[in-house]
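Enquirer: Hey, dropping model_19.cif in here, mmCIF, C-alpha atoms:
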```cif
data_input
#
loop_
_atom_site.label_atom_id
_atom_site.label_comp_id
_atom_site.auth_asym_id
_atom_site.auth_seq_id
_atom_site.Cartn_x
_atom_site.Cartn_y
_atom_site.Cartn_z
CA MET A 1 0.00 0.00 0.00
CA ALA A 2 1.31 3.41 -0.90
CA THR A 3 1.91 5.62 2.09
CA LYS A 4 2.68 9.27 2.17
CA MET A 5 3.07 12.19 4.52
CA ASP A 6 0.54 14.95 3.88
CA ASP A 7 1.73 18.47 3.42
CA ILE A 8 1.88 20.25 6.73
CA ASP A 9 -0.84 22.85 7.06
CA PRO A 10 0.97 26.08 7.94
CA GLY A 11 -2.07 27.22 9.95
CA ALA A 12 -1.10 29.46 12.85
CA ALA A 13 2.39 28.03 13.22
CA SER A 14 5.46 30.22 12.85
CA MET A 15 8.03 29.47 10.16
CA ALA A 16 10.35 28.06 12.83
CA GLU A 17 7.61 25.75 14.11
CA ALA A 18 6.65 24.68 10.62
CA GLN A 19 10.31 23.76 10.08
CA ILE A 20 10.35 21.70 13.31
CA PHE A 21 7.29 19.73 12.22
CA HIS A 22 8.68 19.34 8.74
CA GLU A 23 11.79 17.73 10.26
CA ILE A 24 9.69 15.44 12.45
CA ALA A 25 7.56 14.44 9.47
CA ARG A 26 10.69 13.63 7.47
CA LYS A 27 11.94 11.42 10.30
CA TRP A 28 8.70 9.41 10.22
CA THR A 29 8.92 8.77 6.48
CA PRO A 30 8.51 6.13 5.11
CA LEU A 31 5.37 5.31 7.11
CA SER A 32 4.45 1.78 8.10
CA GLU A 33 2.24 -0.33 5.84
CA ASP A 34 -0.82 0.21 8.06
CA ILE A 35 -0.64 4.01 7.89
CA LYS A 36 -1.82 5.72 4.70
CA ARG A 37 -0.75 9.23 5.65
CA ILE A 38 -0.40 11.70 8.48
CA ARG A 39 -1.84 15.20 8.77
CA PHE A 40 -0.83 18.06 11.03
CA ARG A 41 -3.16 20.87 12.09
CA TYR A 42 -2.28 23.70 14.39
CA GLY A 43 -4.60 25.52 16.74
CA GLU A 44 -5.66 25.85 20.34
CA ALA A 45 -6.80 23.12 22.69
CA SER A 46 -10.06 23.42 24.63
CA ASP A 47 -8.21 25.30 27.39
CA GLY A 48 -6.79 27.83 24.93
CA SER A 49 -3.24 26.49 25.00
CA PRO A 50 -1.23 25.96 21.77
CA ALA A 51 -1.75 22.53 20.25
CA VAL A 52 -0.95 20.44 17.24
CA TRP A 53 -3.39 17.77 16.11
CA ILE A 54 -1.74 14.85 14.42
CA THR A 55 -4.15 12.69 12.45
CA ILE A 56 -3.03 9.24 11.41
CA VAL A 57 -5.07 8.02 8.47
CA VAL A 58 -5.52 4.24 8.38
CA PRO A 59 -7.60 1.91 6.18
CA GLU A 60 -11.20 1.37 7.27
CA ASP A 61 -11.51 -1.50 9.75
CA LEU A 62 -14.79 -1.98 11.59
CA LYS A 63 -13.36 -4.42 14.11
CA PRO A 64 -9.61 -3.86 14.45
CA SER A 65 -7.67 -6.57 16.26
CA LYS A 66 -5.95 -5.99 19.59
CA GLU A 67 -2.62 -6.35 17.80
CA LYS A 68 -3.53 -3.60 15.37
CA ILE A 69 -4.53 -1.25 18.19
CA LYS A 70 -1.30 -2.04 20.05
CA ALA A 71 0.74 -1.32 16.93
CA LEU A 72 -1.09 1.97 16.43
CA ASN A 73 -0.51 2.76 20.09
CA ARG A 74 3.22 2.23 19.65
CA ALA A 75 3.24 4.51 16.62
CA THR A 76 1.35 7.27 18.41
CA GLU A 77 3.69 7.03 21.40
CA SER A 78 6.64 7.53 19.13
CA PHE A 79 5.04 10.52 17.34
CA ARG A 80 4.05 12.11 20.64
CA LYS A 81 7.52 11.67 22.10
CA ASP A 82 9.15 13.38 19.13
CA VAL A 83 6.81 16.37 19.33
CA LEU A 84 7.14 16.73 23.10
CA GLU A 85 10.93 16.72 22.79
CA ALA A 86 10.94 19.25 19.97
CA ASN A 87 11.40 22.94 20.62
CA THR A 88 7.73 23.81 20.39
CA ASN A 89 5.21 24.70 23.04
CA ARG A 90 2.42 22.90 21.21
CA TRP A 91 0.94 19.86 22.92
CA PRO A 92 0.47 16.96 20.48
CA TYR A 93 -3.04 15.47 20.34
CA ILE A 94 -3.09 12.35 18.23
CA SER A 95 -6.09 10.76 16.61
CA VAL A 96 -6.83 8.12 14.02
CA GLU A 97 -9.01 8.60 10.98
CA THR A 98 -10.21 5.82 8.70
CA GLU A 99 -10.90 5.84 4.97
CA MET B 1 -14.90 -3.45 41.11
CA SER B 2 -14.10 0.19 41.82
CA LEU B 3 -15.65 3.11 39.96
CA PRO B 4 -12.49 3.77 37.87
CA ARG B 5 -12.27 0.13 36.74
CA ASP B 6 -16.01 -0.02 36.09
CA LEU B 7 -15.76 3.06 33.90
CA LEU B 8 -12.85 1.59 31.97
CA GLU B 9 -14.77 -1.62 31.41
CA GLN B 10 -17.81 0.42 30.35
CA ALA B 11 -15.68 2.27 27.80
CA THR B 12 -14.74 -0.99 26.10
CA HIS B 13 -18.32 -2.24 26.30
CA LEU B 14 -19.60 0.92 24.60
CA ALA B 15 -16.93 0.79 21.89
CA PHE B 16 -18.20 -2.66 20.86
CA ARG B 17 -21.88 -2.16 21.73
CA GLU B 18 -22.82 -2.29 18.05
CA PRO B 19 -20.80 -5.12 16.49
CA LYS B 20 -20.85 -3.73 12.94
CA ARG B 21 -21.49 -0.01 12.47
CA PRO B 22 -20.95 1.69 15.82
CA ARG B 23 -23.28 4.53 16.77
CA GLN B 24 -21.71 7.92 17.38
CA ALA B 25 -23.41 8.08 20.78
CA SER B 26 -21.71 4.84 21.85
CA LEU B 27 -18.28 5.94 20.64
CA ARG B 28 -18.57 9.38 22.24
CA ARG B 29 -19.67 7.96 25.59
CA ALA B 30 -16.84 5.40 25.35
CA VAL B 31 -14.23 8.17 25.08
CA SER B 32 -15.87 10.04 27.93
CA ALA B 33 -15.89 6.91 30.11
CA ALA B 34 -12.20 6.27 29.36
CA TYR B 35 -11.30 9.80 30.49
CA TYR B 36 -13.45 9.64 33.61
CA ALA B 37 -11.95 6.26 34.48
CA LEU B 38 -8.49 7.82 34.71
CA PHE B 39 -9.85 11.01 36.30
CA HIS B 40 -11.53 9.05 39.10
CA LEU B 41 -8.47 6.84 39.57
CA LEU B 42 -6.30 9.89 40.24
CA LEU B 43 -9.05 11.53 42.30
CA GLN B 44 -9.46 8.46 44.48
CA ASP B 45 -5.74 8.03 45.16
CA THR B 46 -5.21 11.74 45.76
CA ALA B 47 -8.04 11.89 48.26
CA SER B 48 -6.76 8.73 50.01
CA ASP B 49 -3.29 10.23 50.32
CA ILE B 50 -4.41 13.58 51.59
CA ALA B 51 -7.33 12.82 53.90
CA PRO B 52 -7.70 10.11 56.57
CA ILE B 53 -10.55 7.62 56.29
CA THR B 54 -12.40 9.26 59.19
CA PRO B 55 -14.50 11.27 59.57
CA PRO B 56 -16.61 9.69 56.83
CA GLY B 57 -17.05 12.00 53.86
CA LEU B 58 -13.80 13.91 54.29
CA ARG B 59 -12.10 12.14 51.38
CA HIS B 60 -15.13 12.87 49.26
CA LEU B 61 -14.72 16.57 50.01
CA VAL B 62 -11.04 16.44 49.04
CA ALA B 63 -11.93 14.71 45.79
CA ARG B 64 -14.56 17.35 45.05
CA ALA B 65 -11.92 20.06 45.35
CA LEU B 66 -9.95 18.79 42.35
CA SER B 67 -10.60 20.59 39.08
CA HIS B 68 -10.24 19.18 35.58
CA ASN B 69 -8.40 22.24 34.24
CA GLU B 70 -5.97 22.49 37.10
CA MET B 71 -5.19 18.78 36.89
CA LYS B 72 -4.46 19.13 33.18
CA ASN B 73 -2.19 22.12 33.83
CA VAL B 74 -0.24 20.23 36.47
CA CYS B 75 0.16 17.19 34.22
CA LYS B 76 1.34 19.28 31.26
CA GLY B 77 3.73 21.18 33.49
CA PHE B 78 5.32 18.01 34.87
CA VAL B 79 5.83 16.66 31.33
CA GLY B 80 7.28 19.96 30.09
CA GLY B 81 9.53 20.29 33.14
CA ASN B 82 10.79 16.75 32.74
CA THR B 83 11.54 17.31 29.05
CA ALA B 84 13.53 20.44 29.98
CA TYR B 85 15.45 18.46 32.60
CA VAL B 86 16.29 15.62 30.21
CA LYS B 87 17.54 18.13 27.63
CA SER B 88 19.66 19.89 30.27
CA ILE B 89 21.59 16.70 31.10
CA ALA B 90 22.01 15.50 27.51
CA PRO B 91 25.61 15.34 26.24
CA GLY B 92 26.61 18.73 24.90
CA ALA B 93 23.78 20.57 26.65
CA LYS B 94 24.75 24.17 27.30
CA LYS B 95 21.92 25.44 29.48
CA PRO B 96 21.39 24.35 33.10
CA PHE B 97 18.01 22.91 34.05
CA GLN B 98 15.38 25.59 34.08
CA SER B 99 11.66 25.19 33.67
CA SER B 100 8.92 27.76 33.84
CA GLU B 101 6.33 25.01 33.57
CA ILE B 102 6.68 23.71 37.11
CA PRO B 103 6.72 26.22 39.98
CA PRO B 104 10.08 26.27 41.87
CA SER B 105 8.35 25.00 45.02
CA THR B 106 7.20 21.86 43.19
CA GLN B 107 10.56 21.42 41.45
CA ARG B 108 12.31 21.30 44.82
CA VAL B 109 10.34 18.26 45.98
CA LEU B 110 10.53 16.29 42.73
CA ASN B 111 13.31 13.86 41.80
CA PHE B 112 14.25 14.34 38.15
CA PRO B 113 14.09 12.67 35.72
CA LEU B 114 10.51 11.63 36.37
CA GLU B 115 9.77 7.94 35.91
CA ASN B 116 8.57 6.84 32.44
CA ASP B 117 5.47 5.27 33.97
CA LEU B 118 4.56 8.56 35.60
CA ILE B 119 5.10 10.46 32.34
CA SER B 120 2.80 7.98 30.56
CA VAL B 121 0.03 8.62 33.07
CA LEU B 122 0.42 12.40 32.76
CA ILE B 123 0.33 12.27 28.96
CA ALA B 124 -2.70 9.98 28.99
CA PHE B 125 -4.57 12.35 31.29
CA VAL B 126 -3.94 15.38 29.06
CA GLU B 127 -4.74 13.49 25.86
CA LEU B 128 -7.91 11.89 27.23
CA GLN B 129 -9.24 15.11 28.72
CA GLU B 130 -9.00 16.83 25.33
CA ALA B 131 -10.50 13.77 23.61
CA ARG B 132 -13.43 13.82 26.03
CA HIS B 133 -13.98 17.50 25.30
CA GLU B 134 -14.01 16.80 21.56
CA ALA B 135 -16.26 13.76 21.98
CA ASP B 136 -18.79 15.67 24.07
CA TYR B 137 -18.86 18.99 22.24
CA ASN B 138 -17.54 18.66 18.70
CA THR B 139 -20.15 16.83 16.67
CA ALA B 140 -18.79 18.21 13.39
CA THR B 141 -16.33 15.33 13.14
CA ALA B 142 -17.45 11.70 13.34
CA LEU B 143 -15.55 9.39 15.66
CA ASN B 144 -14.38 5.99 14.46
CA ARG B 145 -13.82 2.77 16.34
CA PRO B 146 -10.03 2.41 15.88
CA ASP B 147 -9.52 5.92 17.30
CA VAL B 148 -11.79 5.23 20.25
CA LEU B 149 -10.04 1.91 20.94
CA LEU B 150 -6.73 3.73 20.86
CA LYS B 151 -8.00 6.15 23.53
CA ILE B 152 -9.23 3.24 25.64
CA GLN B 153 -5.85 1.54 25.24
CA LEU B 154 -4.21 4.75 26.44
CA ALA B 155 -6.38 4.66 29.56
CA HIS B 156 -5.65 0.94 30.10
CA ASN B 157 -1.92 1.56 29.86
CA ALA B 158 -2.21 4.50 32.27
CA PHE B 159 -3.97 2.24 34.82
CA GLN B 160 -1.12 -0.28 34.60
CA ASP B 161 1.57 2.40 34.78
CA TRP B 162 -0.15 4.08 37.72
CA ALA B 163 -0.31 0.80 39.66
CA ARG B 164 3.48 0.53 39.37
CA ILE B 165 4.25 4.14 40.20
CA LYS B 166 1.55 5.44 42.54
CA SER B 167 3.49 4.88 45.77
CA THR B 168 6.72 6.54 44.67
CA PRO B 169 7.76 9.97 46.02
CA ASN B 170 7.21 11.65 42.64
CA ALA B 171 3.69 10.24 42.37
CA THR B 172 2.99 11.48 45.88
CA VAL B 173 4.14 14.95 44.84
CA LEU B 174 1.90 14.72 41.79
CA LYS B 175 -1.17 13.77 43.82
CA THR B 176 -0.63 16.67 46.20
CA ALA B 177 0.16 19.06 43.35
CA LEU B 178 -3.06 18.12 41.55
CA LEU B 179 -4.92 19.63 44.46
CA LEU B 180 -2.59 22.27 45.86
CA GLN B 181 -0.02 23.44 43.33
CA LYS B 182 -2.03 26.51 42.42
CA GLN B 183 -1.75 27.68 46.02
CA TRP B 184 2.00 26.97 46.21
CA GLY B 185 2.65 29.68 43.66
CA ARG B 186 1.25 32.37 45.96
#
```
Starting from the file, lay out its structure as structure tokens.
Expert:
Amino acid sequence: MATKMDDIDPGAASMAEAQIFHEIARKWTPLSEDIKRIRFRYGEASDGSPAVWITIVVPEDLKPSKEKIKALNRATESFRKDVLEANTNRWPYISVETE
Amino acid sequence: MSLPRDLLEQATHLAFREPKRPRQASLRRAVSAAYYALFHLLLQDTASDIAPITPPGLRHLVARALSHNEMKNVCKGFVGGNTAYVKSIAPGAKKPFQSSEIPPSTQRVLNFPLENDLISVLIAFVELQEARHEADYNTATALNRPDVLLKIQLAHNAFQDWARIKSTPNATVLKTALLLQKQWGR
């Protein structure tokens, strides 16, 4: 399955931040077979603090196995760690989208 | 079972309530239950640490004093402070440890680096609280089962990590900070 990293939406991020996320995105490429692409969106969390939403797009699966969820969990942990360690004050919120 | 464990079990039950096409209501309540499971777990252990078992009802009052927003702020601050500490001790680091995310009073009673299990619980709390907010208020985007199961897995992992870490000095600081850190800054 072809996988790709979506363009990073510049949104409200500064050039420096966009560069940081560009670097992170490059590190994650190529994506695993189960991930079709990844999207970034910048904004504010419900409490008004700076946030980045990372959406992992995966193939539709109405009843994913425990193994698949665990693998996705490992991937999200790795993405989250990279963003938290980067020089950005945005908190990473990660979600999965199916198509 | 306890309320936190019951809520976690309920989250899984709701995620699979409809075997084929899950209803949005089920998925949204599943995310909410996963967050409240972790919220009540931390609430329960914080109240137990801070208040004695008698007089009856005192622990309940302590638990009622905890606020969602403040808990999230404390959790984010601990994660940010720990990241700053880890960077400050990395080979080649030029700046000494300094963090504006944890008040100096809290920093003095913490042992850095914070344990990985503790960090996992803090991250799960922040992530799940935002997910609950989205699930309850943002109906513009449909939830899907893999995402909901991922959130439930995050809560499950946090329960396991918390069981290992909850009696350590740093976890004790966390529990107290969840309730009192705002006052320490005065």
Enquirer: Any idea which chain B residues end up within 7 Å of chain A if we count only C-alpha atoms, as a list in words please?
Expert: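 That gives the following set of residues: Lys20, Thr83, Glu127, Glu130, Asn144, Arg145, Pro146, Asp147, Leu149 and Leu150 of chain B.
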Enquirer: Could you list, as a JSON list (two decimals) with C-alpha atoms, keeping the file's coordinate frame, every residue within 7 Å of Ala63 (chain B), counting only C-alpha atoms and ignoring same-chain residues fewer than 6 positions away?
Expert:
```json
[["chain", "number", "residue", "atom", "x", "y", "z"],
["B", 43, "LEU", "CA", -9.05, 11.53, 42.30],
["B", 44, "GLN", "CA", -9.46, 8.46, 44.48],
["B", 47, "ALA", "CA", -8.04, 11.89, 48.26]]
```
Enquirer: What is the CA of Arg41 (chain A) to CA of Ser14 (chain A) distance in Å?
Expert: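 Calculated distance between CA of Arg41 (chain A) and CA of Ser14 (chain A) is 12.7 Å.
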Enquirer: Let me make sure I understand: among B:Val62, B:Ala131, B:Leu7, B:Leu14, which one has the smallest atom-to-atom distance to Asp49 (chain B) if we use all atoms listed in the file?
Expert: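 Closest residue, counting all atoms listed in the file: B:Val62.
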Enquirer: Given the file above and the PyMOL selection byres ((chain B and resi 98) around 9), which residues are selected, and can you give them as a list in words?
Expert: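 This file gives the following for the PyMOL selection byres ((chain B and resi 98) around 9): Gly81, Ala84, Tyr85, Ser88, Lys95, Pro96, Phe97, Ser99 and Ser100 of chain B.
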Enquirer: Could you write out as a PDB file with C-alpha atoms, in the frame of the given file the residues that the PyMOL selection byres ((chain B and resi 5) around 12) matches in the shown file?
Expert:
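So out28.pdb came out as:
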```pdb
ATOM      1  CA  MET B   1     -14.900  -3.450  41.110  1.00  0.00           C
ATOM      2  CA  SER B   2     -14.100   0.190  41.820  1.00  0.00           C
ATOM      3  CA  LEU B   3     -15.650   3.110  39.960  1.00  0.00           C
ATOM      4  CA  PRO B   4     -12.490   3.770  37.870  1.00  0.00           C
ATOM      5  CA  ASP B   6     -16.010  -0.020  36.090  1.00  0.00           C
ATOM      6  CA  LEU B   7     -15.760   3.060  33.900  1.00  0.00           C
ATOM      7  CA  LEU B   8     -12.850   1.590  31.970  1.00  0.00           C
ATOM      8  CA  GLU B   9     -14.770  -1.620  31.410  1.00  0.00           C
ATOM      9  CA  GLN B  10     -17.810   0.420  30.350  1.00  0.00           C
ATOM     10  CA  ALA B  11     -15.680   2.270  27.800  1.00  0.00           C
ATOM     11  CA  THR B  12     -14.740  -0.990  26.100  1.00  0.00           C
ATOM     12  CA  ALA B  33     -15.890   6.910  30.110  1.00  0.00           C
ATOM     13  CA  ALA B  34     -12.200   6.270  29.360  1.00  0.00           C
ATOM     14  CA  TYR B  35     -11.300   9.800  30.490  1.00  0.00           C
ATOM     15  CA  TYR B  36     -13.450   9.640  33.610  1.00  0.00           C
ATOM     16  CA  ALA B  37     -11.950   6.260  34.480  1.00  0.00           C
ATOM     17  CA  LEU B  38      -8.490   7.820  34.710  1.00  0.00           C
ATOM     18  CA  PHE B  39      -9.850  11.010  36.300  1.00  0.00           C
ATOM     19  CA  HIS B  40     -11.530   9.050  39.100  1.00  0.00           C
ATOM     20  CA  LEU B  41      -8.470   6.840  39.570  1.00  0.00           C
ATOM     21  CA  LEU B  42      -6.300   9.890  40.240  1.00  0.00           C
ATOM     22  CA  GLN B  44      -9.460   8.460  44.480  1.00  0.00           C
ATOM     23  CA  ILE B 152      -9.230   3.240  25.640  1.00  0.00           C
ATOM     24  CA  ALA B 155      -6.380   4.660  29.560  1.00  0.00           C
ATOM     25  CA  HIS B 156      -5.650   0.940  30.100  1.00  0.00           C
ATOM     26  CA  ALA B 158      -2.210   4.500  32.270  1.00  0.00           C
ATOM     27  CA  PHE B 159      -3.970   2.240  34.820  1.00  0.00           C
ATOM     28  CA  GLN B 160      -1.120  -0.280  34.600  1.00  0.00           C
TER      29      GLN B 160
END
```
Enquirer: Figure out the distance between CA of Glu115 (chain B) and CA of Asn170 (chain B), please, to one decimal in Å.
Expert: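 A separation of 8.1 Å between them.
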Enquirer: Which of these residues is nearest to Phe40 (chain A), using all atoms listed in the file: A:Val57, A:Ala16, A:Val52, A:Val83?
Expert: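 Closest to Phe40 (chain A), using all atoms listed in the file: A:Val52.
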Enquirer: Can you work out the spacing between CA of Glu17 (chain A) and CA of Ile35 (chain A) in Å, to one decimal?
Expert: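 Spanning CA of Glu17 (chain A) to CA of Ile35 (chain A) is a straight-line distance of 24.1 Å.
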Enquirer: Using all atoms listed in the file, can you list as a VMD selection string the residues within 12 Å of (3.8, 3.9, 40.6)?
Expert: chain B and resid 42 45 114 to 121 158 to 175
Enquirer: Return the single residue from B:Thr139, B:Gln107, B:Asn73, B:Glu101 that is closest to Gly48 (chain A), with distances computed using all atoms listed in the file.
Expert: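 Using all atoms listed in the file, Gly48 (chain A) sits closest to B:Asn73.
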Enquirer: Measuring between all atoms listed in the file, which one of A:Glu67, A:Glu44, A:Arg37, A:Ile54 shows the shortest distance to Phe21 (chain A)?
Expert: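 Residue with the minimum atom-to-atom distance to Phe21 (chain A): A:Ile54.
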Enquirer: Tell me which of B:Thr141, B:Thr46, B:Ser67, B:Asn157 sits closest to Ala124 (chain B), counting only C-alpha atoms.
Expert: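 The answer is B:Asn157, which sits nearest to Ala124 (chain B).
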Enquirer: List the spatial neighbours of region 178-184 of chain B as a short mmCIF file (atom, residue, chain, number, x, y, z; two decimals) with C-alpha atoms, in the coordinates of the input - criterion: any atom at most 8 Å away, all atoms listed in the file, same-chain residues fewer than 2 positions off excluded.
Expert:
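Printed below is around07.cif as written:
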```
data_model
loop_
_atom_site.label_atom_id
_atom_site.label_comp_id
_atom_site.auth_asym_id
_atom_site.auth_seq_id
_atom_site.Cartn_x
_atom_site.Cartn_y
_atom_site.Cartn_z
CA THR B 46 -5.21 11.74 45.76
CA ALA B 65 -11.92 20.06 45.35
CA LEU B 66 -9.95 18.79 42.35
CA SER B 67 -10.60 20.59 39.08
CA GLU B 70 -5.97 22.49 37.10
CA MET B 71 -5.19 18.78 36.89
CA VAL B 74 -0.24 20.23 36.47
CA PRO B 103 6.72 26.22 39.98
CA SER B 105 8.35 25.00 45.02
CA THR B 106 7.20 21.86 43.19
CA LEU B 174 1.90 14.72 41.79
CA LYS B 175 -1.17 13.77 43.82
CA THR B 176 -0.63 16.67 46.20
CA ARG B 186 1.25 32.37 45.96
#
```
